[in-house]
Amino acid sequence: MKEVLYKSTRSNLEPVSASVAILKGLTEDGGLFVPDHIPALDKSLGELAAMDYREVAYEVMKLYLTDFTEEELKGCIAKAYDGKFDSEAIVPMAEAEGAYFLELFHGATIAFKDMALSILPHLLTTSARKNQIRNEIVILTATSGDTGKAALAGFAEVEGTRIVVFYPKDGVSPIQEKQMVTQKGDNTFVVGIRGNFDDAQTGVKKIFSDRELAARMDAGGFQLSSANSINIGRLVPQIVYYVYAYTRLLAEGKIQEGQRINVVVPTGNFGNILAAYYARNMGLPIGRLICASNDNKVLYDFFRTGVYDRNREFVLTSSPSMDILISSNLERLIYRIAGDDPEQNARLMAALGGQGRYEITGQMRELLQDFYGGYATEEETAAAIRRIYEACGYVIDTHTAVAASVYGKYMEETGDRTPTVIASTASPFKFTRSVMNAIDHKYDSMTDFELVDELSRIANVTVPAAIEEIRNAPVLHDNICEVDEMPDLVKKFLNLQ
Ligand SMILES: *Cc1c(COP(=O)(O)O)cnc(C)c1O
């Protein structure tokens with residue numbers, strides 16, 4: 001098997017092994033790690049169809065994490081995809097209105113981030129061991145809601161790690177916030193910032209490039225790492241479920257081997273859909289990659305015009321995990337359509353950093369033909385929830401509803417009837433108020449937990465354990481800070497002052 005090394009999207013730095021890329025998170029020049037080639041699947045789709053989730057995970061991940069031994073990788077997979085998931089299948093699929101909803105929300109925090117964040121701590125501690133790292137690993141994360149809790153749940157009490165999560169104080173749902181501030185574990189630290197998600201993300205990036213702080217931390221026996229979706233250790237596990245979804249449809253006789261499927265992905269940071277793009281480049285028969293945005297439709301505009309422009313008003317929507325104006329993972333796609341040219345990519349990213357916009361060339365645009373960008377307004381999102389509930393009794397969350405709505409528009413526009421998988425990224429129990437409100441305004445006056453019980457009743461689904469747990473849990477974190485105080489809070493948590 002050919003080794004995969006990871007290089008930077010911004011300059012010709014020496015490529016590193018997968019374990020080093022996982023440990024570093026970001027490259028030293030501020031770019032992202034990308035595989036030096038995309039490996040092809042080395043098992044047939046028919047063979048993969050006979051495997052369970054863990055086995056498929058191994059077959060996909062071994063192709064990227066080539067410096068992990070079989071024992072190491074299988075160990076990580078076994079620790080991640082176990083009883084923490086409330087479904088034997090790990091990611092079950094539901095059929096509604098002729099589309100297949102790939103339910104990525106059966107993990108510890110009932111959102112798709114669990115798919116990657118339940119395995120990342122194990123990939124990281126394995127990587128540290130492989131590289132003779134003695135420092136404790138400090139995970140630093142900015143979250144628009146779901147990443148935070150999923151990372152906390154993944155890392156809490158994992159030996160040799162600590163985790164600090166920054167979230168926009170007024171930019172997450174009440175249930176998301178409660179999930180985070182009730183997090184147990186001496187190695188966890190949660191802080192609300194006065195700003196939006198992009199402010200939190202920019203603040204975290206700044207801490208990562210702070211050499212003085214890095215030296216202080218090293219002297220104290222710590223080193224930083226990232227659990228954000230830019231870490232290659234997040235991206236690789238996300239490729240797995242697209243392969244798995246395809247092979248389930250094959251096993252169930254819904255498609256023939258080799259037949260194309262489309263995928264629709266509700267998108268924010270562009271991590272999830274990028275994983276689908278990688279799966280396609282590995283040989284998985286995916287036709288269209290449908291990128292669904294909410295009112296923060298930077299990506300829709302980008303796919304339509306070739307101009308990425310973040311200079312616009314930031315809109316708070318009912319799908320907060322997609323309220324993003326800088327989709328970090330898009331850089332990996334830009335790099336690829338620039339012909340793996342770090343200089344051209346670095347120029348575009350510098351323009352994004354400076355003027356807040358860039359325009360790709362016509363040649364690059366031609367390489368985006370497999371993507372279709374769409375968006376759904378708040379009304380359209382609510383209408384999709386109501387329509388699917390009324391038609392099939394199936395309740396989807398607001399993020400998934402953005403995707404379902406965009407899929408409807410796509411079909412209307414193109415007439416394309418290719419079998420389609422919609423990435424269902426959160427349980428409706430995570431965004432209960434918006435979901436119930438979409439179904440009927442009469443629910444407006446209920447409390448959050450009354451809504452939970454009502455949703456359970458009308459959808460005929462048991463309340464997930466993740467929600468039951470926080471009903472009466474005490475608040476354990478009440479830190480709030482300004483963006484420029486973020487480095488000080490990190491020092492405080494690590495006793496470095
Ligand atoms: C994070 C998240 C998204 C967006 O995924 P990206 O990989 O950032 O594009 C969509 N839906 C939910 C529920 C999420 O948590």
# chains A, B, ... in the order shown; residues from 1 in each chain; ligands from 1
>>> residues_near_ligand(ligand="ligand 1", cutoff="6 Å", atoms="only C-alpha atoms and all ligand atoms", output="list in words")
Ala111, Phe112, Lys113, Asp146, Pro266, Thr267, Gly268, Asn269, Phe270, Gly271, Asn272, Ser321, Met322, His399, Thr425 and Ala426 of chain A
>>> write_last_selection(atoms="N, CA and C atoms", output="PDB file, in the first residue's frame")
ATOM      1  N   ALA A 111     -25.439  14.679  17.497  1.00  0.00           N
ATOM      2  CA  ALA A 111     -25.170  15.444  16.276  1.00  0.00           C
ATOM      3  C   ALA A 111     -24.026  14.776  15.510  1.00  0.00           C
ATOM      4  N   PHE A 112     -23.898  15.140  14.245  1.00  0.00           N
ATOM      5  CA  PHE A 112     -22.965  14.407  13.396  1.00  0.00           C
ATOM      6  C   PHE A 112     -21.505  14.572  13.811  1.00  0.00           C
ATOM      7  N   LYS A 113     -21.195  15.624  14.576  1.00  0.00           N
ATOM      8  CA  LYS A 113     -19.813  15.816  15.009  1.00  0.00           C
ATOM      9  C   LYS A 113     -19.300  14.606  15.803  1.00  0.00           C
ATOM     10  N   ASP A 146     -22.357  22.532  18.065  1.00  0.00           N
ATOM     11  CA  ASP A 146     -22.277  21.077  18.168  1.00  0.00           C
ATOM     12  C   ASP A 146     -20.884  20.531  18.398  1.00  0.00           C
ATOM     13  N   PRO A 266     -25.969  19.513   4.431  1.00  0.00           N
ATOM     14  CA  PRO A 266     -26.159  20.847   5.033  1.00  0.00           C
ATOM     15  C   PRO A 266     -24.796  21.349   5.514  1.00  0.00           C
ATOM     16  N   THR A 267     -24.371  22.471   4.975  1.00  0.00           N
ATOM     17  CA  THR A 267     -22.957  22.829   5.074  1.00  0.00           C
ATOM     18  C   THR A 267     -22.696  24.132   5.822  1.00  0.00           C
ATOM     19  N   GLY A 268     -21.611  24.125   6.590  1.00  0.00           N
ATOM     20  CA  GLY A 268     -21.159  25.311   7.299  1.00  0.00           C
ATOM     21  C   GLY A 268     -19.687  25.526   7.017  1.00  0.00           C
ATOM     22  N   ASN A 269     -18.868  24.718   7.707  1.00  0.00           N
ATOM     23  CA  ASN A 269     -17.425  24.830   7.576  1.00  0.00           C
ATOM     24  C   ASN A 269     -16.870  24.030   6.404  1.00  0.00           C
ATOM     25  N   PHE A 270     -17.729  23.337   5.684  1.00  0.00           N
ATOM     26  CA  PHE A 270     -17.379  22.577   4.489  1.00  0.00           C
ATOM     27  C   PHE A 270     -16.607  21.282   4.781  1.00  0.00           C
ATOM     28  N   GLY A 271     -16.660  20.809   6.036  1.00  0.00           N
ATOM     29  CA  GLY A 271     -15.942  19.582   6.369  1.00  0.00           C
ATOM     30  C   GLY A 271     -16.689  18.339   5.905  1.00  0.00           C
ATOM     31  N   ASN A 272     -17.973  18.314   6.199  1.00  0.00           N
ATOM     32  CA  ASN A 272     -18.772  17.138   5.896  1.00  0.00           C
ATOM     33  C   ASN A 272     -18.847  16.891   4.386  1.00  0.00           C
ATOM     34  N   SER A 321     -25.447  25.830  13.550  1.00  0.00           N
ATOM     35  CA  SER A 321     -24.173  25.177  13.246  1.00  0.00           C
ATOM     36  C   SER A 321     -23.728  25.448  11.811  1.00  0.00           C
ATOM     37  N   MET A 322     -24.593  26.118  11.039  1.00  0.00           N
ATOM     38  CA  MET A 322     -24.228  26.486   9.670  1.00  0.00           C
ATOM     39  C   MET A 322     -24.129  28.004   9.531  1.00  0.00           C
ATOM     40  N   HIS A 399     -31.140  21.763  10.523  1.00  0.00           N
ATOM     41  CA  HIS A 399     -30.005  21.677   9.589  1.00  0.00           C
ATOM     42  C   HIS A 399     -30.325  20.719   8.453  1.00  0.00           C
ATOM     43  N   THR A 425     -27.844  15.714   9.971  1.00  0.00           N
ATOM     44  CA  THR A 425     -26.713  16.035  10.838  1.00  0.00           C
ATOM     45  C   THR A 425     -27.033  16.240  12.310  1.00  0.00           C
ATOM     46  N   ALA A 426     -28.299  16.361  12.659  1.00  0.00           N
ATOM     47  CA  ALA A 426     -28.605  16.478  14.091  1.00  0.00           C
ATOM     48  C   ALA A 426     -29.957  15.860  14.380  1.00  0.00           C
TER      49      ALA A 426
END
>>> residues_around(residues="A:Phe33", least_positions_apart="4", cutoff="7 Å", atoms="only C-alpha atoms", output="number ranges by chain")
A: 6-9, 21, 26-27, 232
>>> write_last_selection(atoms="all heavy atoms", output="compact mmCIF listing (two decimals), in the first residue's frame")
# COMPACT_ATOMS: atom_id res chain seq x y z
N TYR A 6 1.18 14.05 4.28
CA TYR A 6 0.31 15.23 4.33
C TYR A 6 1.14 16.50 4.12
O TYR A 6 2.13 16.73 4.80
CB TYR A 6 -0.45 15.24 5.67
CG TYR A 6 -1.44 14.12 5.66
CD1 TYR A 6 -1.06 12.82 6.00
CD2 TYR A 6 -2.75 14.32 5.21
CE1 TYR A 6 -1.95 11.76 5.92
CE2 TYR A 6 -3.64 13.26 5.13
CZ TYR A 6 -3.24 11.99 5.47
OH TYR A 6 -4.12 10.94 5.37
N LYS A 7 0.71 17.28 3.12
CA LYS A 7 1.43 18.50 2.81
C LYS A 7 0.54 19.71 3.07
O LYS A 7 -0.65 19.57 3.33
CB LYS A 7 1.91 18.46 1.36
CG LYS A 7 0.85 18.03 0.38
CD LYS A 7 1.42 17.83 -1.03
CE LYS A 7 0.27 17.67 -2.00
NZ LYS A 7 0.60 17.76 -3.39
N SER A 8 1.15 20.88 3.01
CA SER A 8 0.42 22.10 3.31
C SER A 8 -0.27 22.66 2.08
O SER A 8 0.25 22.57 0.97
CB SER A 8 1.38 23.16 3.88
OG SER A 8 0.72 24.42 3.89
N THR A 9 -1.44 23.30 2.30
CA THR A 9 -2.14 23.96 1.19
C THR A 9 -1.51 25.31 0.84
O THR A 9 -1.91 25.95 -0.12
CB THR A 9 -3.60 24.23 1.57
OG1 THR A 9 -3.61 24.91 2.84
CG2 THR A 9 -4.42 22.96 1.65
N ALA A 21 0.45 14.93 11.29
CA ALA A 21 -0.58 15.87 10.83
C ALA A 21 -1.72 15.94 11.84
O ALA A 21 -2.25 17.02 12.13
CB ALA A 21 -1.10 15.46 9.46
N LEU A 26 -3.03 22.17 12.38
CA LEU A 26 -2.77 23.14 11.31
C LEU A 26 -1.30 23.05 10.90
O LEU A 26 -0.45 22.71 11.70
CB LEU A 26 -2.98 24.56 11.84
CG LEU A 26 -4.36 25.18 11.84
CD1 LEU A 26 -4.34 26.48 12.63
CD2 LEU A 26 -4.83 25.45 10.42
N THR A 27 -1.00 23.46 9.67
CA THR A 27 0.40 23.49 9.25
C THR A 27 1.08 24.75 9.79
O THR A 27 0.40 25.71 10.17
CB THR A 27 0.52 23.49 7.72
OG1 THR A 27 -0.13 24.65 7.21
CG2 THR A 27 -0.13 22.26 7.12
N ILE A 232 -7.10 16.73 10.15
CA ILE A 232 -7.24 15.61 9.23
C ILE A 232 -7.84 14.39 9.95
O ILE A 232 -8.52 13.56 9.37
CB ILE A 232 -5.86 15.30 8.58
CG1 ILE A 232 -6.05 14.63 7.25
CG2 ILE A 232 -4.94 14.50 9.47
CD1 ILE A 232 -6.28 15.60 6.14
>>> residues_around(residues="A:Gly107", least_positions_apart="5", cutoff="7 Å", atoms="only C-alpha atoms", output="VMD selection string")
chain A and resid 84 to 86 114
>>> residues_around(residues="stretch 156-165 of chain A", least_positions_apart="2", cutoff="7 Å", atoms="only C-alpha atoms", output="PyMOL selection string")
chain A and resi 136-142+148+152-154+167+185+187-191
>>> closest_residue(among="A:Ile261, A:Leu330, A:Val452, A:Ser127", to="A:Asp416", atoms="only C-alpha atoms")
A:Ile261
>>> select_by_dssp(residues="stretch 47-144 of chain A", states="strand (DSSP E or B)", output="list in words")
Met93, Ala94, Glu95, Ala96, Ala99, Tyr100, Phe101, Leu102, Glu103, Ala111, Glu136, Ile137, Val138, Ile139, Leu140, Thr141 and Ala142 of chain A
>>> write_last_selection(atoms="N, CA and C atoms", output="PDB file, in the first residue's frame")
ATOM      1  N   MET A  93     -30.274   4.467   8.316  1.00  0.00           N
ATOM      2  CA  MET A  93     -30.838   5.317   7.265  1.00  0.00           C
ATOM      3  C   MET A  93     -32.355   5.233   7.308  1.00  0.00           C
ATOM      4  N   ALA A  94     -33.009   6.380   7.116  1.00  0.00           N
ATOM      5  CA  ALA A  94     -34.470   6.403   7.079  1.00  0.00           C
ATOM      6  C   ALA A  94     -34.899   6.883   5.697  1.00  0.00           C
ATOM      7  N   GLU A  95     -35.933   6.270   5.162  1.00  0.00           N
ATOM      8  CA  GLU A  95     -36.406   6.682   3.849  1.00  0.00           C
ATOM      9  C   GLU A  95     -37.641   7.550   4.044  1.00  0.00           C
ATOM     10  N   ALA A  96     -37.614   8.753   3.476  1.00  0.00           N
ATOM     11  CA  ALA A  96     -38.787   9.625   3.562  1.00  0.00           C
ATOM     12  C   ALA A  96     -38.857  10.468   2.298  1.00  0.00           C
ATOM     13  N   ALA A  99     -36.211  10.053  -0.481  1.00  0.00           N
ATOM     14  CA  ALA A  99     -34.777  10.268  -0.249  1.00  0.00           C
ATOM     15  C   ALA A  99     -34.339   9.427   0.953  1.00  0.00           C
ATOM     16  N   TYR A 100     -33.036   9.181   1.034  1.00  0.00           N
ATOM     17  CA  TYR A 100     -32.501   8.402   2.147  1.00  0.00           C
ATOM     18  C   TYR A 100     -31.806   9.353   3.121  1.00  0.00           C
ATOM     19  N   PHE A 101     -32.352   9.420   4.321  1.00  0.00           N
ATOM     20  CA  PHE A 101     -31.753  10.289   5.348  1.00  0.00           C
ATOM     21  C   PHE A 101     -30.741   9.473   6.134  1.00  0.00           C
ATOM     22  N   LEU A 102     -29.482   9.836   5.983  1.00  0.00           N
ATOM     23  CA  LEU A 102     -28.400   9.139   6.676  1.00  0.00           C
ATOM     24  C   LEU A 102     -28.261   9.759   8.060  1.00  0.00           C
ATOM     25  N   GLU A 103     -28.727   9.060   9.074  1.00  0.00           N
ATOM     26  CA  GLU A 103     -28.803   9.627  10.425  1.00  0.00           C
ATOM     27  C   GLU A 103     -27.454   9.576  11.136  1.00  0.00           C
ATOM     28  N   ALA A 111     -25.439  14.679  17.497  1.00  0.00           N
ATOM     29  CA  ALA A 111     -25.170  15.444  16.276  1.00  0.00           C
ATOM     30  C   ALA A 111     -24.026  14.776  15.510  1.00  0.00           C
ATOM     31  N   GLU A 136       1.326  16.941  27.861  1.00  0.00           N
ATOM     32  CA  GLU A 136      -0.115  16.741  27.793  1.00  0.00           C
ATOM     33  C   GLU A 136      -0.650  17.489  26.581  1.00  0.00           C
ATOM     34  N   ILE A 137      -1.621  16.922  25.898  1.00  0.00           N
ATOM     35  CA  ILE A 137      -2.202  17.549  24.711  1.00  0.00           C
ATOM     36  C   ILE A 137      -3.377  18.422  25.149  1.00  0.00           C
ATOM     37  N   VAL A 138      -3.313  19.701  24.766  1.00  0.00           N
ATOM     38  CA  VAL A 138      -4.409  20.613  25.100  1.00  0.00           C
ATOM     39  C   VAL A 138      -5.206  20.894  23.834  1.00  0.00           C
ATOM     40  N   ILE A 139      -6.436  20.453  23.833  1.00  0.00           N
ATOM     41  CA  ILE A 139      -7.314  20.672  22.686  1.00  0.00           C
ATOM     42  C   ILE A 139      -7.966  22.030  22.834  1.00  0.00           C
ATOM     43  N   LEU A 140      -7.858  22.823  21.786  1.00  0.00           N
ATOM     44  CA  LEU A 140      -8.430  24.163  21.796  1.00  0.00           C
ATOM     45  C   LEU A 140      -9.430  24.215  20.657  1.00  0.00           C
ATOM     46  N   THR A 141     -10.669  24.565  20.971  1.00  0.00           N
ATOM     47  CA  THR A 141     -11.710  24.496  19.950  1.00  0.00           C
ATOM     48  C   THR A 141     -12.646  25.691  20.002  1.00  0.00           C
ATOM     49  N   ALA A 142     -12.974  26.192  18.811  1.00  0.00           N
ATOM     50  CA  ALA A 142     -14.044  27.181  18.682  1.00  0.00           C
ATOM     51  C   ALA A 142     -15.253  26.433  18.163  1.00  0.00           C
TER      52      ALA A 142
END
>>> residues_around(residues="A:Asp218", least_positions_apart="2", cutoff="12 Å", atoms="only C-alpha atoms", output="short mmCIF file (atom, residue, chain, number, x, y, z; two decimals) with all heavy atoms, in the first residue's frame")
data_model
loop_
_atom_site.label_atom_id
_atom_site.label_comp_id
_atom_site.auth_asym_id
_atom_site.auth_seq_id
_atom_site.Cartn_x
_atom_site.Cartn_y
_atom_site.Cartn_z
N ILE A 133 5.70 11.80 22.24
CA ILE A 133 5.30 13.07 22.85
C ILE A 133 5.04 12.82 24.34
O ILE A 133 4.28 11.93 24.69
CB ILE A 133 4.00 13.60 22.21
CG1 ILE A 133 4.15 13.77 20.71
CG2 ILE A 133 3.51 14.86 22.91
CD1 ILE A 133 4.90 14.97 20.28
N ARG A 134 5.68 13.64 25.20
CA ARG A 134 5.44 13.47 26.64
C ARG A 134 4.51 14.53 27.19
O ARG A 134 3.90 14.37 28.22
CB ARG A 134 6.76 13.48 27.40
CG ARG A 134 7.62 12.32 26.96
CD ARG A 134 8.47 11.68 28.01
NE ARG A 134 8.96 10.42 27.45
CZ ARG A 134 9.81 10.34 26.42
NH1 ARG A 134 10.28 11.43 25.87
NH2 ARG A 134 10.19 9.16 25.96
N ASN A 135 4.42 15.69 26.48
CA ASN A 135 3.54 16.76 26.94
C ASN A 135 2.09 16.29 26.98
O ASN A 135 1.69 15.42 26.21
CB ASN A 135 3.60 17.95 25.98
CG ASN A 135 4.84 18.80 26.20
OD1 ASN A 135 5.45 18.75 27.26
ND2 ASN A 135 5.20 19.57 25.19
N GLU A 136 1.33 16.94 27.86
CA GLU A 136 -0.11 16.74 27.79
C GLU A 136 -0.65 17.49 26.58
O GLU A 136 -0.20 18.59 26.28
CB GLU A 136 -0.77 17.32 29.06
CG GLU A 136 -1.27 16.26 30.00
CD GLU A 136 -2.07 16.85 31.15
OE1 GLU A 136 -3.20 17.28 30.92
OE2 GLU A 136 -1.53 16.89 32.27
N ILE A 137 -1.62 16.92 25.90
CA ILE A 137 -2.20 17.55 24.71
C ILE A 137 -3.38 18.42 25.15
O ILE A 137 -4.29 17.95 25.82
CB ILE A 137 -2.75 16.48 23.75
CG1 ILE A 137 -1.68 15.43 23.46
CG2 ILE A 137 -3.34 17.12 22.50
CD1 ILE A 137 -0.83 15.71 22.29
N VAL A 138 -3.31 19.70 24.77
CA VAL A 138 -4.41 20.61 25.10
C VAL A 138 -5.21 20.89 23.83
O VAL A 138 -4.70 21.47 22.88
CB VAL A 138 -3.88 21.94 25.69
CG1 VAL A 138 -5.05 22.86 26.03
CG2 VAL A 138 -3.01 21.67 26.91
N ARG A 211 3.64 32.19 19.41
CA ARG A 211 4.85 31.41 19.75
C ARG A 211 5.25 31.53 21.21
O ARG A 211 5.75 30.60 21.82
CB ARG A 211 6.01 31.83 18.86
CG ARG A 211 5.93 31.15 17.53
CD ARG A 211 6.78 31.78 16.48
NE ARG A 211 6.18 31.49 15.18
CZ ARG A 211 6.49 30.44 14.44
NH1 ARG A 211 7.40 29.59 14.82
NH2 ARG A 211 5.88 30.23 13.28
N GLU A 212 5.03 32.73 21.75
CA GLU A 212 5.39 32.95 23.14
C GLU A 212 4.56 32.04 24.05
O GLU A 212 5.09 31.39 24.96
CB GLU A 212 5.12 34.42 23.47
CG GLU A 212 5.96 34.96 24.60
CD GLU A 212 5.52 36.39 24.92
OE1 GLU A 212 5.51 37.22 23.98
OE2 GLU A 212 5.15 36.63 26.08
N LEU A 213 3.28 31.99 23.77
CA LEU A 213 2.41 31.12 24.56
C LEU A 213 2.82 29.65 24.40
O LEU A 213 2.85 28.90 25.38
CB LEU A 213 0.94 31.32 24.14
CG LEU A 213 -0.10 30.49 24.89
CD1 LEU A 213 -0.12 30.82 26.38
CD2 LEU A 213 -1.50 30.68 24.31
N ALA A 214 3.16 29.27 23.17
CA ALA A 214 3.57 27.89 22.93
C ALA A 214 4.79 27.53 23.78
O ALA A 214 4.86 26.44 24.35
CB ALA A 214 3.87 27.69 21.44
N ALA A 215 5.73 28.48 23.89
CA ALA A 215 6.94 28.22 24.69
C ALA A 215 6.59 28.09 26.18
O ALA A 215 7.08 27.19 26.87
CB ALA A 215 7.95 29.35 24.47
N ARG A 216 5.71 28.99 26.64
CA ARG A 216 5.26 28.91 28.04
C ARG A 216 4.60 27.56 28.31
O ARG A 216 4.81 26.94 29.35
CB ARG A 216 4.21 30.00 28.32
CG ARG A 216 4.75 31.42 28.41
CD ARG A 216 5.16 31.81 29.83
NE ARG A 216 4.09 31.93 30.80
CZ ARG A 216 3.29 32.98 30.93
NH1 ARG A 216 3.42 34.01 30.12
NH2 ARG A 216 2.37 33.02 31.87
N GLY A 220 5.60 24.26 30.69
CA GLY A 220 4.68 23.74 31.69
C GLY A 220 4.24 22.30 31.40
O GLY A 220 3.43 21.74 32.13
N GLY A 221 4.76 21.71 30.31
CA GLY A 221 4.42 20.32 29.98
C GLY A 221 3.15 20.17 29.17
O GLY A 221 2.46 19.14 29.25
N PHE A 222 2.85 21.20 28.36
CA PHE A 222 1.63 21.14 27.54
C PHE A 222 1.95 21.43 26.08
O PHE A 222 2.90 22.15 25.79
CB PHE A 222 0.62 22.20 28.00
CG PHE A 222 0.15 22.04 29.41
CD1 PHE A 222 0.59 22.90 30.41
CD2 PHE A 222 -0.74 21.03 29.74
CE1 PHE A 222 0.16 22.76 31.72
CE2 PHE A 222 -1.18 20.88 31.05
CZ PHE A 222 -0.73 21.75 32.04
N GLN A 223 1.12 20.96 25.19
CA GLN A 223 1.16 21.44 23.81
C GLN A 223 -0.23 21.45 23.21
O GLN A 223 -1.07 20.62 23.55
CB GLN A 223 2.14 20.65 22.96
CG GLN A 223 1.73 19.24 22.62
CD GLN A 223 2.86 18.52 21.92
OE1 GLN A 223 3.96 18.36 22.47
NE2 GLN A 223 2.61 18.09 20.71
N LEU A 224 -0.44 22.42 22.32
CA LEU A 224 -1.77 22.61 21.75
C LEU A 224 -2.04 21.66 20.60
O LEU A 224 -1.15 21.29 19.85
CB LEU A 224 -1.91 24.03 21.19
CG LEU A 224 -2.10 25.16 22.18
CD1 LEU A 224 -2.10 26.49 21.43
CD2 LEU A 224 -3.41 24.98 22.94
N LEU A 494 -4.58 26.36 32.62
CA LEU A 494 -3.40 25.51 32.71
C LEU A 494 -2.47 25.92 33.86
O LEU A 494 -1.38 25.38 33.99
CB LEU A 494 -2.62 25.53 31.38
CG LEU A 494 -3.43 25.11 30.14
CD1 LEU A 494 -2.59 25.28 28.88
CD2 LEU A 494 -3.91 23.66 30.27
N LEU A 496 -0.79 28.67 34.23
CA LEU A 496 0.47 29.18 33.68
C LEU A 496 0.68 30.65 34.00
O LEU A 496 1.47 31.32 33.36
CB LEU A 496 0.51 28.98 32.16
CG LEU A 496 0.61 27.54 31.66
CD1 LEU A 496 0.53 27.50 30.15
CD2 LEU A 496 1.89 26.88 32.14
#
